[in-house]
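Asker: What follows is coords01.txt; its format and atoms are compact mmCIF, C-alpha atoms and all ligand atoms.
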# COMPACT_ATOMS: atom_id res chain seq x y z
CA MET A 1227 63.22 -38.24 -15.36
CA LYS A 1228 62.51 -38.89 -11.67
CA SER A 1229 63.06 -35.25 -10.83
CA ARG A 1230 60.64 -34.23 -13.64
CA ILE A 1231 57.89 -36.47 -12.20
CA LEU A 1232 58.58 -35.11 -8.71
CA TYR A 1233 58.39 -31.55 -10.05
CA GLY A 1234 55.04 -32.33 -11.77
CA VAL A 1235 53.56 -33.82 -8.59
CA LEU A 1236 54.71 -30.82 -6.54
CA LEU A 1237 53.17 -28.44 -9.09
CA MET A 1238 49.84 -30.26 -8.96
CA VAL A 1239 49.79 -30.18 -5.15
CA LEU A 1240 50.53 -26.46 -5.25
CA VAL A 1241 47.86 -25.68 -7.90
CA PHE A 1242 45.11 -27.75 -6.18
CA GLY A 1243 46.12 -26.31 -2.84
CA LEU A 1244 45.76 -22.73 -4.12
CA VAL A 1245 42.41 -23.44 -5.83
CA GLY A 1246 41.20 -25.02 -2.58
CA CYS A 1247 42.10 -21.82 -0.66
CA GLY A 1248 39.37 -19.84 -2.42
CA LYS A 1249 36.70 -22.46 -1.75
CA LYS A 1250 34.30 -22.91 1.10
CA SER A 1251 35.86 -25.25 3.69
CA ALA A 1252 34.11 -28.54 4.47
CA GLY A 1253 31.38 -28.67 7.12
CA PRO A 1254 32.03 -29.48 10.78
CA ALA A 1255 33.37 -32.89 11.79
CA CYS A 1256 30.02 -33.87 13.36
CA ALA A 1257 28.06 -33.38 10.08
CA PRO A 1258 25.68 -34.88 8.99
CA ASN A 1259 24.87 -36.00 12.55
CA CYS A 1260 25.51 -32.79 14.52
CA GLU A 1261 23.37 -32.26 17.59
CA TYR A 1262 22.65 -29.11 19.58
CA LYS A 1263 25.51 -29.94 21.97
CA ASP A 1264 27.90 -29.66 19.00
CA MET A 1265 26.64 -26.17 18.10
CA VAL A 1266 28.73 -23.15 19.13
CA VAL A 1267 26.79 -20.04 18.18
CA GLY A 1268 28.21 -16.55 17.81
CA PHE A 1269 25.18 -14.26 18.11
CA LEU A 1270 25.54 -10.64 16.92
CA GLN A 1271 22.70 -8.75 18.61
CA THR A 1272 21.93 -5.12 17.64
CA GLY A 1273 21.93 -3.77 21.20
CA SER A 1274 19.28 -3.29 23.86
CA GLU A 1275 17.07 -0.51 22.50
CA GLY A 1276 13.73 -1.55 24.03
CA GLY A 1277 11.23 -4.17 25.17
CA TRP A 1278 11.18 -6.00 21.83
CA ARG A 1279 14.98 -6.38 21.80
CA ALA A 1280 15.08 -7.52 25.44
CA ALA A 1281 12.55 -10.27 24.64
CA ASN A 1282 14.54 -11.26 21.54
CA SER A 1283 17.81 -11.56 23.51
CA ALA A 1284 16.10 -13.49 26.32
CA SER A 1285 14.64 -15.90 23.76
CA PHE A 1286 18.17 -16.69 22.45
CA ARG A 1287 19.69 -17.07 25.91
CA GLU A 1288 16.90 -19.20 27.41
CA THR A 1289 16.52 -21.47 24.37
CA ALA A 1290 20.31 -22.04 24.22
CA ASP A 1291 20.21 -23.27 27.83
CA GLN A 1292 17.22 -25.48 27.16
CA LEU A 1293 18.80 -27.08 24.07
CA GLY A 1294 22.28 -27.43 25.58
CA LEU A 1295 24.13 -25.50 22.88
CA THR A 1296 26.94 -23.01 23.51
CA LEU A 1297 26.02 -19.36 22.98
CA LYS A 1298 28.60 -16.58 22.61
CA PHE A 1299 26.50 -13.42 22.90
CA TYR A 1300 27.88 -10.21 21.36
CA ASP A 1301 26.21 -6.87 22.14
CA SER A 1302 26.83 -4.46 19.23
CA GLN A 1303 25.52 -1.52 21.30
CA ASN A 1304 23.68 -0.18 18.25
CA ASP A 1305 27.02 0.63 16.61
CA LEU A 1306 27.52 -0.74 13.08
CA ALA A 1307 31.35 -0.68 13.18
CA ARG A 1308 31.24 -2.63 16.44
CA GLN A 1309 28.87 -5.19 14.90
CA VAL A 1310 31.13 -5.71 11.87
CA ALA A 1311 34.14 -6.12 14.21
CA GLY A 1312 32.18 -8.73 16.17
CA PHE A 1313 31.46 -10.62 12.94
CA HIS A 1314 35.22 -10.68 12.13
CA GLN A 1315 35.89 -11.95 15.63
CA PHE A 1316 33.44 -14.88 15.25
CA ASN A 1317 34.85 -15.70 11.80
CA GLN A 1318 38.26 -16.12 13.38
CA ASP A 1319 37.02 -18.09 16.38
CA PRO A 1320 37.71 -21.76 15.59
CA ASP A 1321 35.06 -22.94 18.08
CA VAL A 1322 32.19 -21.00 16.50
CA ASN A 1323 30.40 -23.02 13.82
CA VAL A 1324 27.21 -20.92 13.52
CA ILE A 1325 26.93 -17.13 13.26
CA ILE A 1326 23.54 -15.51 13.85
CA LEU A 1327 23.17 -11.89 12.74
CA ALA A 1328 20.50 -9.35 13.77
CA ALA A 1329 21.82 -6.68 11.40
CA LEU A 1330 21.76 -3.03 12.43
CA GLU A 1331 21.84 -1.91 8.79
CA THR A 1332 21.08 -3.61 5.48
CA THR A 1333 24.45 -2.81 3.86
CA GLY A 1334 28.14 -3.37 4.62
CA TRP A 1335 28.26 -7.16 4.98
CA GLU A 1336 30.01 -8.39 1.82
CA GLU A 1337 33.51 -8.77 3.24
CA VAL A 1338 32.58 -10.55 6.47
CA LEU A 1339 30.15 -12.84 4.65
CA LYS A 1340 32.91 -13.92 2.24
CA GLU A 1341 35.22 -14.45 5.21
CA ALA A 1342 32.54 -16.55 6.94
CA GLN A 1343 32.00 -18.67 3.86
CA ALA A 1344 35.74 -19.32 3.50
CA ALA A 1345 35.90 -20.29 7.17
CA GLY A 1346 32.98 -22.73 6.71
CA LYS A 1347 30.62 -20.97 9.15
CA VAL A 1348 26.86 -21.36 8.88
CA VAL A 1349 25.35 -17.85 8.77
CA VAL A 1350 21.69 -17.36 9.73
CA LEU A 1351 19.97 -13.96 9.62
CA GLU A 1352 17.44 -13.35 12.37
CA ASP A 1353 14.96 -10.48 12.65
CA ARG A 1354 16.57 -8.20 10.02
CA ARG A 1355 17.26 -8.72 6.33
CA ILE A 1356 20.44 -7.54 4.61
CA ASP A 1357 21.34 -6.60 1.02
CA ALA A 1358 23.46 -9.61 0.06
CA SER A 1359 23.35 -12.47 -2.39
CA GLU A 1360 21.19 -15.30 -0.99
CA ASP A 1361 23.97 -17.86 -1.38
CA MET A 1362 25.99 -16.03 1.28
CA TYR A 1363 23.68 -17.12 4.12
CA ALA A 1364 21.65 -20.23 4.99
CA THR A 1365 18.31 -18.56 5.69
CA TYR A 1366 16.54 -15.48 7.07
CA ILE A 1367 14.06 -16.00 9.90
CA GLY A 1368 11.90 -13.04 10.79
CA SER A 1369 8.93 -10.87 10.13
CA ASP A 1370 7.41 -9.54 6.96
CA PHE A 1371 8.09 -5.89 7.84
CA ALA A 1372 6.40 -4.57 4.69
CA GLU A 1373 3.26 -6.50 5.68
CA GLU A 1374 3.47 -4.94 9.16
CA GLY A 1375 3.52 -1.55 7.42
CA ARG A 1376 0.52 -2.48 5.26
CA LYS A 1377 -1.41 -3.75 8.31
CA SER A 1378 -0.55 -0.50 10.10
CA ALA A 1379 -1.95 1.61 7.25
CA ASN A 1380 -5.14 -0.49 7.14
CA GLU A 1381 -5.64 -0.05 10.89
CA MET A 1382 -4.90 3.69 10.67
CA CYS A 1383 -7.54 3.93 7.91
CA LYS A 1384 -10.10 2.40 10.30
CA LEU A 1385 -9.07 4.75 13.12
CA LEU A 1386 -9.38 7.84 10.91
CA GLU A 1387 -12.57 6.78 9.12
CA GLY A 1388 -14.92 9.71 8.47
CA MET A 1389 -12.39 12.38 9.45
CA ALA A 1390 -11.97 15.34 7.12
CA GLY A 1391 -8.20 15.60 7.62
CA LYS A 1392 -6.04 12.49 7.66
CA ASN A 1393 -2.64 13.94 8.47
CA VAL A 1394 -0.34 11.30 9.91
CA TRP A 1395 3.08 11.78 11.48
CA GLU A 1396 5.54 8.91 11.15
CA LEU A 1397 8.20 8.16 13.77
CA VAL A 1398 10.82 6.10 11.95
CA GLY A 1399 13.24 3.55 13.49
CA ASN A 1400 16.94 3.35 12.64
CA VAL A 1401 16.78 4.51 8.99
CA GLY A 1402 19.35 2.01 7.66
CA SER A 1403 17.54 -1.04 9.06
CA SER A 1404 15.29 -3.34 7.04
CA ALA A 1405 12.58 -2.98 9.72
CA ALA A 1406 12.37 0.79 9.23
CA LYS A 1407 12.68 0.75 5.43
CA ASP A 1408 10.09 -1.98 4.84
CA ARG A 1409 7.54 -0.77 7.41
CA GLY A 1410 7.68 2.69 5.84
CA GLN A 1411 7.31 1.27 2.35
CA GLY A 1412 4.40 -1.04 3.31
CA PHE A 1413 2.59 1.84 5.01
CA ARG A 1414 2.90 4.04 1.93
CA GLU A 1415 1.73 1.25 -0.40
CA THR A 1416 -1.59 1.02 1.46
CA MET A 1417 -2.33 4.44 2.99
CA GLY A 1418 -3.60 5.93 -0.29
CA ALA A 1419 -6.67 3.67 -0.15
CA CYS A 1420 -8.26 5.95 2.47
CA GLY A 1421 -6.54 9.26 1.71
CA ILE A 1422 -3.94 9.30 4.50
CA GLU A 1423 -1.14 11.81 4.02
CA VAL A 1424 2.18 11.46 5.83
CA THR A 1425 2.82 15.12 6.62
CA LYS A 1426 5.86 14.58 8.85
CA SER A 1427 8.38 11.75 9.01
CA GLN A 1428 11.62 11.57 10.96
CA THR A 1429 13.77 9.03 12.75
CA ALA A 1430 13.52 8.67 16.51
CA ASN A 1431 15.85 5.64 16.54
CA TRP A 1432 13.41 3.24 18.24
CA SER A 1433 13.67 5.26 21.48
CA ILE A 1434 11.12 6.69 23.96
CA THR A 1435 13.24 9.80 24.59
CA GLU A 1436 13.70 10.59 20.90
CA GLY A 1437 10.04 9.76 20.14
CA LYS A 1438 9.07 12.37 22.71
CA GLU A 1439 11.59 14.98 21.50
CA VAL A 1440 10.62 14.66 17.82
CA THR A 1441 6.88 14.87 18.60
CA GLU A 1442 7.43 17.88 20.90
CA ALA A 1443 9.27 19.72 18.13
CA TRP A 1444 6.53 18.94 15.59
CA LEU A 1445 3.77 20.05 17.99
CA LYS A 1446 5.46 23.42 18.30
CA GLU A 1447 5.11 23.84 14.53
CA THR A 1448 1.48 22.64 14.20
CA GLN A 1449 -1.20 20.65 15.96
CA ASP A 1450 -2.92 19.67 12.72
CA VAL A 1451 -2.37 15.96 13.17
CA GLN A 1452 -4.96 13.20 13.34
CA GLY A 1453 -2.75 10.12 13.61
CA ILE A 1454 0.75 9.03 14.63
CA PHE A 1455 2.33 5.93 13.11
CA ALA A 1456 5.27 4.94 15.30
CA GLN A 1457 7.39 2.17 13.82
CA ASN A 1458 7.83 0.69 17.31
CA ASP A 1459 6.06 0.86 20.69
CA GLU A 1460 8.80 2.83 22.47
CA MET A 1461 8.58 5.77 20.06
CA ALA A 1462 4.77 5.76 20.48
CA LEU A 1463 5.18 5.91 24.27
CA GLY A 1464 7.42 8.96 23.82
CA ALA A 1465 4.85 10.58 21.51
CA ILE A 1466 2.08 9.94 24.08
CA GLU A 1467 4.10 11.83 26.71
CA ALA A 1468 4.65 14.77 24.34
CA LEU A 1469 0.93 14.96 23.43
CA LYS A 1470 -0.10 14.94 27.10
CA GLU A 1471 2.36 17.70 27.93
CA ALA A 1472 0.93 19.75 25.04
CA GLY A 1473 -2.57 19.39 26.55
CA LEU A 1474 -3.85 16.86 24.00
CA THR A 1475 -5.49 13.51 24.80
CA PRO A 1476 -3.54 10.69 23.13
CA GLY A 1477 -5.76 7.98 21.65
CA VAL A 1478 -8.66 10.47 21.36
CA ASP A 1479 -7.44 13.80 19.90
CA VAL A 1480 -4.71 12.00 18.03
CA LYS A 1481 -5.00 8.30 17.13
CA ILE A 1482 -1.81 6.37 17.82
CA LEU A 1483 -0.63 3.15 16.26
CA SER A 1484 2.66 1.35 16.77
CA VAL A 1485 4.46 -1.89 15.97
CA ASP A 1486 5.81 -4.66 18.27
CA ALA A 1487 3.03 -5.46 20.81
CA THR A 1488 5.21 -5.34 23.92
CA ALA A 1489 3.94 -5.22 27.51
CA GLY A 1490 4.39 -1.42 27.47
CA ALA A 1491 2.03 -1.15 24.49
CA PHE A 1492 -0.63 -3.28 26.19
CA LYS A 1493 -0.41 -1.09 29.28
CA ALA A 1494 -0.90 2.03 27.14
CA MET A 1495 -3.83 0.43 25.28
CA LEU A 1496 -5.49 -0.55 28.58
CA ALA A 1497 -5.13 3.12 29.63
CA GLY A 1498 -6.79 4.13 26.32
CA GLU A 1499 -3.72 6.13 25.22
CA LEU A 1500 -2.54 3.84 22.41
CA ASN A 1501 -5.13 2.69 19.87
CA VAL A 1502 -3.51 -0.22 18.07
CA THR A 1503 -0.29 -2.23 18.12
CA VAL A 1504 0.72 -4.47 15.23
CA GLU A 1505 2.63 -7.52 16.44
CA CYS A 1506 6.26 -8.22 15.56
CA ASN A 1507 7.29 -11.52 17.12
CA PRO A 1508 10.69 -11.45 18.92
CA LEU A 1509 10.60 -15.05 20.21
CA LEU A 1510 12.52 -16.38 17.24
CA ALA A 1511 15.25 -18.47 18.86
CA PRO A 1512 13.62 -21.95 18.65
CA GLN A 1513 13.06 -21.54 14.90
CA VAL A 1514 16.52 -20.03 14.34
CA TYR A 1515 18.45 -22.71 16.25
CA GLU A 1516 16.50 -25.49 14.55
CA ALA A 1517 17.29 -24.06 11.13
CA ALA A 1518 20.97 -23.57 12.03
CA LEU A 1519 21.29 -27.20 13.10
CA LYS A 1520 19.79 -28.37 9.80
CA ALA A 1521 22.22 -26.15 7.88
CA LEU A 1522 25.13 -27.46 9.97
CA ASN A 1523 24.14 -30.97 8.87
CA GLY A 1524 24.22 -29.91 5.24
CA GLU A 1525 20.49 -29.39 4.63
CA THR A 1526 19.41 -26.67 2.18
CA LEU A 1527 16.83 -24.34 3.70
CA PRO A 1528 14.23 -21.98 2.25
CA LYS A 1529 15.73 -18.48 2.05
CA TRP A 1530 12.99 -17.00 4.24
CA ILE A 1531 11.13 -18.59 7.15
CA PRO A 1532 8.45 -16.02 8.19
CA SER A 1533 7.09 -15.64 11.73
CA GLN A 1534 3.36 -15.57 12.62
CA GLU A 1535 1.97 -12.23 13.83
CA GLY A 1536 -1.32 -10.56 14.84
CA VAL A 1537 -2.89 -7.13 15.48
CA PHE A 1538 -4.24 -5.89 18.86
CA SER A 1539 -6.60 -3.01 19.44
CA PHE A 1540 -7.48 -1.02 22.60
CA ASP A 1541 -11.20 -1.87 22.24
CA MET A 1542 -10.80 -5.66 22.28
CA PRO A 1543 -13.06 -6.97 25.08
CA ASN A 1544 -10.47 -9.50 26.31
CA LEU A 1545 -7.41 -7.20 26.12
CA GLN A 1546 -6.38 -7.69 29.78
CA GLU A 1547 -6.57 -11.46 29.38
CA ILE A 1548 -4.43 -11.32 26.21
CA ALA A 1549 -1.90 -9.02 27.95
CA ASP A 1550 -1.67 -11.39 30.95
CA GLY A 1551 -0.94 -14.37 28.70
CA ARG A 1552 1.93 -12.74 26.80
CA LYS A 1553 5.63 -13.33 27.44
CA TYR A 1554 6.97 -9.87 26.65
O1 LIG B 1 13.70 -5.35 13.99
C1 LIG B 1 12.66 -5.26 14.89
C2 LIG B 1 12.65 -3.89 15.50
O2 LIG B 1 13.86 -3.62 16.17
C3 LIG B 1 11.58 -3.65 16.54
O3 LIG B 1 10.35 -3.32 15.99
C4 LIG B 1 12.17 -2.51 17.29
O4 LIG B 1 11.52 -2.24 18.51
C5 LIG B 1 13.53 -3.07 17.44
O5 LIG B 1 14.39 -2.62 18.23
Could you show the structure in this file as structure tokens?

Answerer:
Amino acid sequence: MKSRILYGVLLMVLVFGLVGCGKKSAGPACAPNCEYKDMVVGFLQTGSEGGWRAANSASFRETADQLGLTLKFYDSQNDLARQVAGFHQFNQDPDVNVIILAALETTGWEEVLKEAQAAGKVVVLEDRRIDASEDMYATYIGSDFAEEGRKSANEMCKLLEGMAGKNVWELVGNVGSSAAKDRGQGFRETMGACGIEVTKSQTANWSITEGKEVTEAWLKETQDVQGIFAQNDEMALGAIEALKEAGLTPGVDVKILSVDATAGAFKAMLAGELNVTVECNPLLAPQVYEAALKALNGETLPKWIPSQEGVFSFDMPNLQEIADGRKY
């Protein structure tokens, strides 16, 4: 009899133990009173592709110091396999309790997200969205990229008003990223209102060099272009170089619009070579860390916390003043 009872108890321990293995582990020991000093963040950055990214990384580093949290910064060097490997690494790191992801691509995250959930990590998406079920992460903090695309099309409509041809070339970011997909989609949703046609579209991977190369190649085929929509400032700066070398006046012969609003864009607008930049705010760290702390303490967050953004044009009377007051 005794041995039967003992056998039953052992079986129950085994069954509950196995069921427990598949479940999310309990929160950190400090919850529900965790403070920033208890937070160890594994931050998976995309890489260092330009001014926007540099400002984004600086925001995470500086704010971590100010708040007194521990930041483990991982540079994915714009390589998806490397970023996924970094995610695995943070999942296995017993000190890391928060993982922040700036995803290079929208897909490929299912396995590491499950692993993170089983390990009890808080996952926060910053800057870029991913294709994953919303219960696999605490929140997404970042821009409305589709709205940036819509704003870009509206501004391009104003720049091309009254022109007979409205041929626009589009320099696309990293094609697998949510920023590139949604900006392109938003632009297309709105451009029809004033008869814009996207006659050429190709990736230039967020880079000045590639922005220049792609534009150079297009200019050899035709110069029938009235506007360039560059999905970030760097690619616009490359296009400006290519236009100048082809004997065209950027900002006049061809209207140029880009996204980000970095210092480089303001410089180009003050020189009259870039017409408009649509802001994408990279200074996200204070919002992201605050949300992560709440999630660490067991709070349920909205699935999207959007950032506030504006539009700047080369003919604003106080452009220099605005440029001087900006952080990036
Ligand atoms: O996700 C934001 C985009 O990523 C920026 O617009 C681009 O410059 C960057 O690298």

Asker: Can you work out which one of A:Ser1378, A:Thr1416, A:Ser1403, A:Gln1315 has the shortest atom-to-atom distance to ligand LIG 1 (chain B), counting only C-alpha atoms and all ligand atoms?

Answerer: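 Closest residue, counting only C-alpha atoms and all ligand atoms: A:Ser1403.
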
Asker: Could you give me, as a Markdown table, a per-residue list for chain A showing, wherever an atom lies at most 6 Å from an atom of ligand LIG 1 (chain B), the closest pair of atoms and their distance in Å to one decimal, using only C-alpha atoms and all ligand atoms and sorting by chain then residue number from low to high?

Answerer:
| residue | atom | partner | partner_atom | distance |
| --- | --- | --- | --- | --- |
| A:Glu1275 | CA | B:LIG1 | O5 | 5.5 |
| A:Gly1276 | CA | B:LIG1 | O5 | 5.9 |
| A:Trp1278 | CA | B:LIG1 | O4 | 5.0 |
| A:Arg1279 | CA | B:LIG1 | O5 | 5.2 |
| A:Asp1353 | CA | B:LIG1 | O1 | 5.4 |
| A:Arg1354 | CA | B:LIG1 | O1 | 5.7 |
| A:Ala1405 | CA | B:LIG1 | O1 | 5.0 |
| A:Trp1432 | CA | B:LIG1 | O4 | 5.8 |
| A:Asn1458 | CA | B:LIG1 | O4 | 4.9 |
| A:Asp1486 | CA | B:LIG1 | O3 | 5.3 |

Asker: When you count only C-alpha atoms, which of these residues is closest to Glu1442 of chain A: A:Ala1465, A:Val1266, A:Val1322, A:Ala1518?

Answerer: A:Ala1465

Asker: What's the 7 Å shell around Cys1383 of chain A, counting only C-alpha atoms, without same-chain residues fewer than 4 positions away, as a count of residues only?

Answerer: 3

Asker: Let me make sure I understand: among A:Lys1470, A:His1314, A:Lys1263, A:Lys1438, which one has the smallest atom-to-atom distance to Tyr1515 of chain A if we use all atoms listed in the file?

Answerer: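 So, comparing all the options, the nearest one is A:Lys1263.
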